[in-house]
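Student: query.cif (mmCIF, C-alpha atoms) pasted underneath:
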```
data_target
loop_
_atom_site.label_atom_id
_atom_site.label_comp_id
_atom_site.auth_asym_id
_atom_site.auth_seq_id
_atom_site.Cartn_x
_atom_site.Cartn_y
_atom_site.Cartn_z
CA MET W 1 13.62 -16.18 -2.65
CA LYS W 2 16.30 -13.51 -2.85
CA VAL W 3 16.81 -11.13 0.06
CA GLU W 4 15.96 -8.24 -2.25
CA ASP W 5 12.49 -9.70 -2.83
CA MET W 6 11.87 -9.92 0.91
CA LYS W 7 12.44 -6.21 1.39
CA LEU W 8 9.34 -4.27 2.31
CA ASP W 9 9.01 -0.79 3.73
CA GLY W 10 7.71 0.90 6.85
CA ASN W 11 4.15 0.95 5.55
CA ALA W 12 4.07 -2.80 6.14
CA ILE W 13 4.52 -2.39 9.90
CA GLY W 14 2.10 0.51 10.27
CA GLY W 15 -0.28 -1.62 12.31
CA LEU W 16 2.42 -2.96 14.62
CA LEU W 17 3.85 0.53 15.16
CA SER W 18 0.37 1.90 15.91
CA GLU W 19 0.03 -0.79 18.55
CA LEU W 20 3.22 0.47 20.20
CA PHE W 21 2.82 4.23 19.80
CA GLY W 22 -0.95 4.57 19.98
CA THR W 23 -1.00 6.60 16.78
CA ASP W 24 0.19 6.24 13.22
CA VAL W 25 3.91 6.89 12.97
CA THR W 26 4.60 5.83 9.38
CA ASP W 27 4.59 9.54 8.50
CA SER W 28 6.79 10.44 11.50
CA MET W 29 10.31 11.58 10.78
CA GLY W 30 13.08 9.42 12.17
CA VAL W 31 16.78 10.30 12.22
CA CYS W 32 19.27 7.50 11.59
CA ALA W 33 21.83 7.32 14.41
CA SER W 34 24.48 6.08 11.99
CA CYS W 35 24.32 8.50 9.05
CA GLY W 36 21.98 11.26 10.22
CA THR W 37 19.52 10.86 7.37
CA MET W 38 16.03 12.01 8.31
CA GLY W 39 12.97 10.46 6.70
CA PRO W 40 9.47 9.11 7.35
CA LEU W 41 9.43 5.68 8.98
CA ALA W 42 7.41 4.51 5.95
CA THR W 43 10.62 4.73 3.92
CA LEU W 44 12.63 2.31 6.08
CA ASP W 45 13.68 -0.94 4.43
CA VAL W 46 11.74 -3.48 6.44
CA TYR W 47 12.32 -7.22 6.73
CA LEU W 48 9.57 -9.29 8.31
CA ARG W 49 11.11 -12.71 7.77
CA ALA W 50 13.44 -12.65 10.71
CA PRO W 51 13.01 -13.71 14.33
CA GLY W 52 11.61 -10.21 14.69
CA VAL W 53 10.96 -7.18 12.54
CA VAL W 54 14.02 -5.31 11.32
CA GLY W 55 13.92 -1.78 9.91
CA ARG W 56 16.98 -0.38 8.18
CA CYS W 57 17.91 3.12 7.06
CA ARG W 58 17.28 3.36 3.34
CA THR W 59 20.38 5.50 2.89
CA CYS W 60 23.11 3.66 4.82
CA GLY W 61 21.50 0.30 5.65
CA ALA W 62 22.07 0.58 9.40
CA VAL W 63 19.47 -1.06 11.63
CA MET W 64 17.20 1.69 13.01
CA LEU W 65 14.59 -0.43 14.74
CA LYS W 66 14.00 -3.98 15.87
CA ILE W 67 10.73 -5.32 17.19
CA VAL W 68 10.28 -8.76 18.66
CA ARG W 69 7.00 -9.99 20.01
CA SER W 70 6.07 -12.89 22.20
CA PRO W 71 2.56 -13.88 23.21
CA ASP W 72 2.54 -11.46 26.15
CA ARG W 73 5.06 -8.69 25.39
CA ILE W 74 6.76 -6.69 22.69
CA TRP W 75 10.42 -5.62 22.67
CA LEU W 76 11.20 -2.40 20.84
CA ASP W 77 14.86 -1.61 20.15
CA LEU W 78 15.46 1.90 18.82
CA ARG W 79 19.21 2.14 19.42
CA GLY W 80 19.73 2.95 15.77
CA THR W 81 17.22 5.80 15.79
CA GLN W 82 18.62 9.05 17.09
CA SER W 83 15.26 10.78 17.30
CA LEU W 84 11.69 10.42 16.22
CA GLN W 85 9.29 13.31 15.64
CA ILE W 86 5.70 12.29 16.22
CA THR W 87 2.97 14.73 15.28
CA ALA W 88 1.03 15.72 18.38
CA GLN W 89 -2.64 14.78 18.11
CA MET D 90 -15.99 2.59 21.23
CA ALA D 91 -15.81 6.35 21.79
CA GLY D 92 -12.85 5.85 24.13
CA ALA D 93 -11.01 3.67 21.65
CA ALA D 94 -11.59 6.21 18.89
CA LEU D 95 -10.31 9.06 21.05
CA LEU D 96 -7.10 7.26 21.86
CA GLY D 97 -6.66 6.34 18.24
CA ARG D 98 -5.64 2.88 19.32
CA LEU D 99 -6.01 0.10 16.86
CA THR D 100 -8.32 -2.65 17.95
CA TRP D 101 -9.25 -5.84 16.19
CA LEU D 102 -12.76 -5.72 14.82
CA VAL D 103 -14.92 -8.51 13.46
CA ALA D 104 -15.56 -7.98 9.76
CA GLU D 105 -18.27 -9.75 7.81
CA VAL D 106 -18.11 -10.38 4.09
CA VAL D 107 -21.24 -8.80 2.59
CA ASP D 108 -20.39 -8.95 -1.12
CA SER D 109 -17.57 -9.83 -3.46
CA VAL D 110 -16.42 -9.09 -7.00
CA ARG D 111 -14.16 -11.31 -9.12
CA GLU D 112 -11.72 -8.85 -10.69
CA THR D 113 -9.38 -11.24 -12.52
CA PRO D 114 -8.74 -15.01 -12.36
CA ARG D 115 -6.44 -14.44 -9.36
CA VAL D 116 -7.87 -11.29 -7.82
CA ARG D 117 -11.05 -10.66 -5.89
CA THR D 118 -12.59 -7.73 -4.07
CA LEU D 119 -14.39 -8.32 -0.78
CA VAL D 120 -16.89 -5.82 0.58
CA LEU D 121 -16.73 -5.85 4.36
CA ASP D 122 -18.96 -4.66 7.14
CA ALA D 123 -17.30 -4.12 10.52
CA ASP D 124 -18.93 -2.70 13.64
CA GLY D 125 -16.80 0.13 14.99
CA TRP D 126 -15.03 0.84 11.68
CA ALA D 127 -14.15 4.54 11.75
CA GLY D 128 -13.63 5.18 8.03
CA HIS D 129 -10.40 5.58 6.09
CA ARG D 130 -8.26 7.83 3.90
CA ALA D 131 -7.38 7.00 0.31
CA GLY D 132 -4.24 4.84 0.21
CA GLN D 133 -4.54 3.22 3.62
CA HIS D 134 -4.62 -0.49 4.36
CA VAL D 135 -6.01 -2.93 6.90
CA ASP D 136 -4.43 -5.85 8.71
CA VAL D 137 -6.41 -9.06 8.34
CA ARG D 138 -6.09 -11.82 10.95
CA LEU D 139 -7.29 -15.36 10.43
CA THR D 140 -7.45 -17.77 13.34
CA ALA D 141 -7.46 -21.51 12.81
CA GLU D 142 -9.40 -23.92 15.01
CA ASP D 143 -6.19 -24.85 16.82
CA GLY D 144 -5.50 -21.20 17.63
CA TYR D 145 -2.84 -20.63 14.96
CA GLN D 146 -3.08 -17.09 13.63
CA ALA D 147 -1.90 -15.54 10.39
CA GLU D 148 -1.85 -11.81 9.70
CA ARG D 149 -1.52 -9.99 6.38
CA SER D 150 -2.00 -6.43 5.19
CA TYR D 151 -4.35 -5.53 2.33
CA SER D 152 -4.94 -2.17 0.74
CA ILE D 153 -8.34 -0.58 0.85
CA ALA D 154 -9.81 -0.19 -2.64
CA SER D 155 -12.90 1.91 -1.99
CA ALA D 156 -13.09 5.67 -1.70
CA PRO D 157 -13.28 7.24 1.74
CA GLY D 158 -16.92 7.37 2.82
CA GLU D 159 -17.81 4.28 0.83
CA PRO D 160 -18.26 0.77 2.23
CA LEU D 161 -14.96 -0.89 3.12
CA GLU D 162 -13.58 -2.91 0.21
CA ILE D 163 -10.28 -4.75 0.03
CA THR D 164 -8.87 -6.26 -3.14
CA ILE D 165 -6.73 -9.37 -2.72
CA GLU D 166 -4.40 -11.15 -5.12
CA GLU D 167 -4.02 -14.87 -4.55
CA LEU D 168 -0.40 -15.82 -4.04
CA GLU D 169 0.84 -19.36 -4.49
CA ASP D 170 1.48 -21.10 -1.19
CA GLY D 171 -0.08 -18.17 0.66
CA GLU D 172 -1.69 -18.71 4.05
CA VAL D 173 -4.34 -16.02 3.90
CA SER D 174 -4.91 -14.95 0.29
CA PRO D 175 -6.12 -18.35 -1.01
CA TYR D 176 -8.94 -18.25 1.53
CA LEU D 177 -9.88 -14.63 0.84
CA VAL D 178 -9.77 -15.05 -2.94
CA GLY D 179 -11.02 -18.59 -3.37
CA GLU D 180 -13.15 -19.52 -0.40
CA ALA D 181 -14.60 -16.64 1.60
CA THR D 182 -18.33 -16.27 1.02
CA ASP D 183 -20.98 -13.80 2.11
CA GLY D 184 -21.52 -14.05 5.85
CA ASP D 185 -17.98 -15.27 6.59
CA ARG D 186 -16.26 -13.40 9.40
CA PHE D 187 -12.65 -12.67 10.25
CA GLU D 188 -10.74 -10.00 12.14
CA ILE D 189 -9.42 -6.73 10.77
CA ARG D 190 -7.76 -3.68 12.27
CA GLY D 191 -7.25 -0.30 10.73
CA PRO D 192 -7.23 1.93 8.91
CA ILE D 193 -3.43 1.89 8.88
CA GLY D 194 -0.96 4.34 7.41
CA GLY D 195 -0.52 8.11 7.30
CA TYR D 196 2.23 8.32 4.69
CA PHE D 197 0.96 6.66 1.53
CA VAL D 198 -2.28 8.67 1.48
CA TRP D 199 -3.82 11.28 -0.78
CA ASP D 200 -6.59 13.46 0.64
CA GLY D 201 -7.39 15.33 -2.55
CA THR D 202 -6.01 18.60 -1.28
CA GLY D 203 -3.76 20.88 -3.30
CA ASP D 204 -3.66 21.52 -7.03
CA ALA D 205 -0.41 19.73 -7.79
CA PRO D 206 -0.73 17.08 -10.51
CA VAL D 207 -0.72 13.50 -9.27
CA LEU D 208 1.20 10.70 -10.94
CA LEU D 209 0.21 7.19 -9.92
CA VAL D 210 2.41 4.26 -10.88
CA ALA D 211 1.13 0.74 -10.23
CA GLY D 212 2.62 -2.70 -10.66
CA GLY D 213 0.04 -5.51 -10.55
CA SER D 214 -2.12 -5.40 -7.43
CA GLY D 215 -0.23 -2.24 -6.44
CA VAL D 216 -3.09 -0.54 -8.25
CA VAL D 217 -5.42 -1.14 -5.29
CA PRO D 218 -4.52 1.82 -3.02
CA LEU D 219 -4.20 3.99 -6.13
CA ALA D 220 -7.73 2.97 -7.15
CA SER D 221 -8.91 4.29 -3.80
CA MET D 222 -7.25 7.61 -4.65
CA ILE D 223 -8.82 7.63 -8.15
CA ARG D 224 -12.25 6.87 -6.71
CA HIS D 225 -11.75 9.52 -4.03
CA ARG D 226 -10.79 12.02 -6.72
CA ALA D 227 -14.03 11.26 -8.56
CA SER D 228 -16.23 11.32 -5.48
CA ILE D 229 -15.04 14.76 -4.33
CA GLY D 230 -15.18 16.14 -7.87
CA SER D 231 -11.47 16.95 -7.88
CA ARG D 232 -10.04 18.37 -11.09
CA THR D 233 -6.45 17.60 -10.15
CA PRO D 234 -4.66 16.46 -13.30
CA THR D 235 -3.95 12.80 -12.67
CA ARG D 236 -2.14 10.12 -14.62
CA LEU D 237 -2.01 6.43 -13.89
CA LEU D 238 0.73 4.26 -15.37
CA TYR D 239 -0.31 0.69 -14.71
CA SER D 240 1.81 -2.37 -15.43
CA SER D 241 0.16 -5.79 -15.67
CA ARG D 242 1.34 -9.11 -16.99
CA THR D 243 -1.52 -9.77 -19.39
CA TYR D 244 -4.78 -8.11 -20.41
CA GLU D 245 -6.71 -10.60 -18.24
CA ASP D 246 -4.65 -9.53 -15.21
CA VAL D 247 -5.73 -5.88 -15.40
CA ILE D 248 -7.65 -5.17 -12.19
CA TYR D 249 -10.61 -2.72 -12.41
CA ARG D 250 -10.27 -2.93 -16.20
CA ALA D 251 -13.77 -1.77 -17.13
CA GLU D 252 -13.66 1.12 -14.67
CA LEU D 253 -10.28 2.30 -15.94
CA GLU D 254 -11.54 2.24 -19.53
CA GLN D 255 -13.86 5.12 -18.70
CA PRO D 256 -11.72 7.49 -16.64
CA ALA D 257 -13.16 10.66 -15.12
CA ASP D 258 -12.27 14.05 -16.59
CA GLY D 259 -8.64 14.92 -16.12
CA LEU D 260 -7.58 11.34 -15.42
CA GLU D 261 -5.39 9.69 -18.03
CA VAL D 262 -4.65 5.97 -17.87
CA PHE D 263 -1.62 4.37 -19.52
CA HIS D 264 -1.33 0.58 -19.55
CA THR D 265 1.66 -1.60 -20.15
CA LEU D 266 1.36 -5.37 -20.55
CA THR D 267 4.66 -7.08 -19.88
CA ARG D 268 4.02 -10.72 -20.75
CA SER D 269 1.48 -10.89 -23.57
CA GLN D 270 -0.77 -8.50 -25.41
CA PRO D 271 -4.13 -9.05 -27.12
CA PRO D 272 -4.43 -8.46 -30.89
CA GLY D 273 -4.58 -4.77 -31.73
CA TRP D 274 -3.06 -3.69 -28.41
CA THR D 275 -2.07 -0.02 -28.56
CA GLY D 276 -0.60 0.39 -25.07
CA TYR D 277 2.95 -0.29 -23.97
CA SER D 278 4.33 -3.83 -24.12
CA ARG D 279 7.31 -3.86 -21.78
CA ARG D 280 8.39 -3.26 -18.22
CA VAL D 281 8.28 0.31 -16.98
CA ASP D 282 11.51 2.00 -18.04
CA GLN D 283 13.07 5.41 -18.29
CA GLU D 284 11.70 6.09 -21.76
CA MET D 285 8.16 5.18 -20.73
CA LEU D 286 8.32 7.35 -17.63
CA GLY D 287 9.61 10.19 -19.80
CA GLU D 288 6.56 9.87 -22.04
CA VAL D 289 3.96 9.48 -19.31
CA ALA D 290 5.21 11.70 -16.48
CA TRP D 291 4.98 15.48 -16.47
CA PRO D 292 8.26 17.38 -16.47
CA ALA D 293 9.82 17.31 -13.03
CA ALA D 294 9.31 21.03 -12.51
CA ASP D 295 5.53 20.84 -12.20
CA GLY D 296 5.48 19.99 -8.51
CA THR D 297 3.88 16.65 -9.29
CA ARG D 298 3.11 14.37 -6.36
CA VAL D 299 3.95 10.76 -7.06
CA PHE D 300 2.58 7.57 -5.56
CA ILE D 301 4.17 4.27 -6.58
CA CYS D 302 2.94 0.88 -5.39
CA GLY D 303 4.06 -2.58 -6.41
CA SER D 304 6.70 -5.17 -5.71
CA THR D 305 10.04 -3.98 -4.37
CA ARG D 306 11.74 -4.32 -7.75
CA PHE D 307 8.94 -2.48 -9.52
CA VAL D 308 8.90 0.35 -6.99
CA ASP D 309 12.67 0.76 -7.05
CA ALA D 310 12.78 0.86 -10.85
CA ALA D 311 9.98 3.42 -11.14
CA ALA D 312 11.27 5.62 -8.32
CA ASP D 313 14.85 5.57 -9.62
CA GLY D 314 13.59 6.47 -13.09
CA LEU D 315 11.67 9.46 -11.82
CA VAL D 316 14.58 10.66 -9.69
CA ALA D 317 16.74 10.44 -12.82
CA MET D 318 14.19 12.71 -14.54
CA GLY D 319 14.77 15.27 -11.81
CA TYR D 320 11.87 14.47 -9.49
CA PRO D 321 12.78 15.34 -5.89
CA ALA D 322 12.95 12.15 -3.82
CA LEU D 323 10.60 13.72 -1.28
CA SER D 324 7.87 14.18 -3.92
CA ILE D 325 7.77 10.41 -4.45
CA ARG D 326 5.85 8.27 -1.98
CA THR D 327 6.20 4.54 -2.28
CA GLU D 328 4.63 1.41 -0.89
CA ARG D 329 6.07 -2.04 -1.49
CA PHE D 330 4.19 -5.26 -1.11
CA GLY D 331 5.71 -8.61 -0.44
CA ALA D 332 5.65 -12.09 -1.83
CA THR D 333 3.84 -13.65 1.11
CA GLY D 334 0.12 -13.96 0.94
#
```
What does the file become when written as structure tokens?
Tutor:
Amino acid sequence: MKVEDMKLDGNAIGGLLSELFGTDVTDSMGVCASCGTMGPLATLDVYLRAPGVVGRCRTCGAVMLKIVRSPDRIWLDLRGTQSLQITAQ
Amino acid sequence: MAGAALLGRLTWLVAEVVDSVRETPRVRTLVLDADGWAGHRAGQHVDVRLTAEDGYQAERSYSIASAPGEPLEITIEELEDGEVSPYLVGEATDGDRFEIRGPIGGYFVWDGTGDAPVLLVAGGSGVVPLASMIRHRASIGSRTPTRLLYSSRTYEDVIYRAELEQPADGLEVFHTLTRSQPPGWTGYSRRVDQEMLGEVAWPAADGTRVFICGSTRFVDAAADGLVAMGYPALSIRTERFGATG
């Protein structure tokens, strides 16, 4: 399978992100720390077939989030995300 | 359950299969009943988790097909070598139980608000969340002008075929069959391209809201085509599904 066919988007990790944030964040606006593009997390290029989940900026390809889970904990790496606006409930 | 609902936290629920519909040779709809299910919005999906006797678990996401307010239905396409879809499509019977969590997603949703025309573009089983929107549109009596451009491989692969043959007022359905066409076929007979989008889509100036769902290649092609027509990228919402089932 080609890498291009493995590309999903942020919708595919909506459940995992809800687990972490306690609310849906696929519609939340994230700013890429590399290029400054702002967009909903649903529009990230997402790859699930890695040791963890990798989300890349659709504009510049930089990694904006990484999530790795083990049986008892979840690592969330947001170094590549400058900011995230989550709608207050 | 009230506490869980207040926090909005996703919890795994036990869902029971209460009915099923064979849509195509490879696609089936399951009607599910889950205690604690809080309802959904059109376009959302659920995560399904199967647990083997040895504890091995497999999770997949499936779009919700039914309209909000209706019983929960998911439509599943069986993928070769899949871990979850062969069971859901070929084996699950009434009374079977597995875990689900949801509803999931706040981006690829249409609540039926606003008067802007809606363009829906589906590749294969990408039609499922769009069907939820179409059914929602009908159930709330919306008059929003709506067009569905739906690409399937063959006539037999068209999901919800009978329902789409009798669209509600203001809904126009355009089919394209990419692999083979039955005798007398009057729809399109090729992959979605710029010319087809130009014929089906409204001019970009109409404020149309666009929802595209399908494989990555399909979504990219359709979205790029609409952007080339002058559609603002922000007016186009997309959802890609993968090749694991």
Student: CA of Val217 (chain D) and CA of Ile229 (chain D) are how many Å apart?
Tutor: 18.6 Å
Student: Out of D:Val107, D:Ala290, D:Leu219, D:Val135, which residue has the shortest atom-to-atom distance to chain W when counting only C-alpha atoms?
Tutor: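 Of D:Val107, D:Ala290, D:Leu219, D:Val135, the one nearest chain W, counting only C-alpha atoms, is D:Val135.
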Student: Output the residue selection produced by the PyMOL selection byres ((chain W and resi 38) around 12) on the file above, formatted as a PyMOL selection string.
Tutor: (chain W and resi 27-37+39-44+57-60+64+81-85) or (chain D and resi 323)
Student: Could the residues in this selection be saved with C-alpha atoms as an mmCIF file, in the coordinates of the input?
Tutor:
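Output file again_27.cif is given in full below:
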```
data_model
loop_
_atom_site.group_PDB
_atom_site.id
_atom_site.type_symbol
_atom_site.label_atom_id
_atom_site.label_comp_id
_atom_site.auth_asym_id
_atom_site.auth_seq_id
_atom_site.Cartn_x
_atom_site.Cartn_y
_atom_site.Cartn_z
ATOM 1 C CA ASP W 27 4.590 9.540 8.500
ATOM 2 C CA SER W 28 6.790 10.440 11.500
ATOM 3 C CA MET W 29 10.310 11.580 10.780
ATOM 4 C CA GLY W 30 13.080 9.420 12.170
ATOM 5 C CA VAL W 31 16.780 10.300 12.220
ATOM 6 C CA CYS W 32 19.270 7.500 11.590
ATOM 7 C CA ALA W 33 21.830 7.320 14.410
ATOM 8 C CA SER W 34 24.480 6.080 11.990
ATOM 9 C CA CYS W 35 24.320 8.500 9.050
ATOM 10 C CA GLY W 36 21.980 11.260 10.220
ATOM 11 C CA THR W 37 19.520 10.860 7.370
ATOM 12 C CA GLY W 39 12.970 10.460 6.700
ATOM 13 C CA PRO W 40 9.470 9.110 7.350
ATOM 14 C CA LEU W 41 9.430 5.680 8.980
ATOM 15 C CA ALA W 42 7.410 4.510 5.950
ATOM 16 C CA THR W 43 10.620 4.730 3.920
ATOM 17 C CA LEU W 44 12.630 2.310 6.080
ATOM 18 C CA CYS W 57 17.910 3.120 7.060
ATOM 19 C CA ARG W 58 17.280 3.360 3.340
ATOM 20 C CA THR W 59 20.380 5.500 2.890
ATOM 21 C CA CYS W 60 23.110 3.660 4.820
ATOM 22 C CA MET W 64 17.200 1.690 13.010
ATOM 23 C CA THR W 81 17.220 5.800 15.790
ATOM 24 C CA GLN W 82 18.620 9.050 17.090
ATOM 25 C CA SER W 83 15.260 10.780 17.300
ATOM 26 C CA LEU W 84 11.690 10.420 16.220
ATOM 27 C CA GLN W 85 9.290 13.310 15.640
ATOM 28 C CA LEU D 323 10.600 13.720 -1.280
#
```
Student: Residues of chain W within 10 Å of chain D, using only C-alpha atoms, as a ChimeraX atom specification?
Tutor: /W:1,4-28,39-43,45-49,89
Student: Using C-alpha atoms, can you write the selected residues to a file as a compact mmCIF listing (two decimals), in the frame of the given file?
Tutor:
```txt
# COMPACT_ATOMS: atom_id res chain seq x y z
CA MET W 1 13.62 -16.18 -2.65
CA GLU W 4 15.96 -8.24 -2.25
CA ASP W 5 12.49 -9.70 -2.83
CA MET W 6 11.87 -9.92 0.91
CA LYS W 7 12.44 -6.21 1.39
CA LEU W 8 9.34 -4.27 2.31
CA ASP W 9 9.01 -0.79 3.73
CA GLY W 10 7.71 0.90 6.85
CA ASN W 11 4.15 0.95 5.55
CA ALA W 12 4.07 -2.80 6.14
CA ILE W 13 4.52 -2.39 9.90
CA GLY W 14 2.10 0.51 10.27
CA GLY W 15 -0.28 -1.62 12.31
CA LEU W 16 2.42 -2.96 14.62
CA LEU W 17 3.85 0.53 15.16
CA SER W 18 0.37 1.90 15.91
CA GLU W 19 0.03 -0.79 18.55
CA LEU W 20 3.22 0.47 20.20
CA PHE W 21 2.82 4.23 19.80
CA GLY W 22 -0.95 4.57 19.98
CA THR W 23 -1.00 6.60 16.78
CA ASP W 24 0.19 6.24 13.22
CA VAL W 25 3.91 6.89 12.97
CA THR W 26 4.60 5.83 9.38
CA ASP W 27 4.59 9.54 8.50
CA SER W 28 6.79 10.44 11.50
CA GLY W 39 12.97 10.46 6.70
CA PRO W 40 9.47 9.11 7.35
CA LEU W 41 9.43 5.68 8.98
CA ALA W 42 7.41 4.51 5.95
CA THR W 43 10.62 4.73 3.92
CA ASP W 45 13.68 -0.94 4.43
CA VAL W 46 11.74 -3.48 6.44
CA TYR W 47 12.32 -7.22 6.73
CA LEU W 48 9.57 -9.29 8.31
CA ARG W 49 11.11 -12.71 7.77
CA GLN W 89 -2.64 14.78 18.11
```
Student: List as JSON, numbers by chain the protein and nucleic acid residues near region 160-176 of chain D, meaning an atom at most 8 Å away when all atoms listed in the file are counted, but skip any in the same chain fewer than 4 places from it.
Tutor: {"D": [115, 116, 117, 118, 119, 120, 121, 122, 128, 139, 147, 148, 149, 151, 152, 153, 154, 155, 180, 181, 214, 217, 332, 333, 334]}
Student: Quick check on the file I pasted: which residues fall under the PyMOL selection byres ((chain D and resi 233) around 6)? Write them as a list in words.
Tutor: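 Checked against the file, the PyMOL selection byres ((chain D and resi 233) around 6) matches Asp204, Pro206, Ser231, Arg232, Pro234 and Thr235 of chain D.
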Student: To one decimal in Å, tell me the separation between CA of Thr243 (chain D) and CA of Glu284 (chain D).
Tutor: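 Value for the CA of Thr243 (chain D)-CA of Glu284 (chain D) distance: 20.8 Å.
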Student: Selected by the PyMOL selection byres ((chain D and resi 113) around 8) in the shown coordinates: which residues, as a tab-separated table (two decimals) with C-alpha atoms, in the frame of the given file?
Tutor:
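Saved to selection.tsv:
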```tsv
chain	number	residue	atom	x	y	z
D	111	ARG	CA	-14.16	-11.31	-9.12
D	112	GLU	CA	-11.72	-8.85	-10.69
D	114	PRO	CA	-8.74	-15.01	-12.36
D	115	ARG	CA	-6.44	-14.44	-9.36
D	116	VAL	CA	-7.87	-11.29	-7.82
D	117	ARG	CA	-11.05	-10.66	-5.89
D	245	GLU	CA	-6.71	-10.60	-18.24
D	246	ASP	CA	-4.65	-9.53	-15.21
D	247	VAL	CA	-5.73	-5.88	-15.40
D	248	ILE	CA	-7.65	-5.17	-12.19
```
Student: By how many Å are CA of Ser241 (chain D) and CA of Gly215 (chain D) apart?
Tutor: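 So the two atoms, CA of Ser241 (chain D) and CA of Gly215 (chain D), lie 9.9 Å apart.
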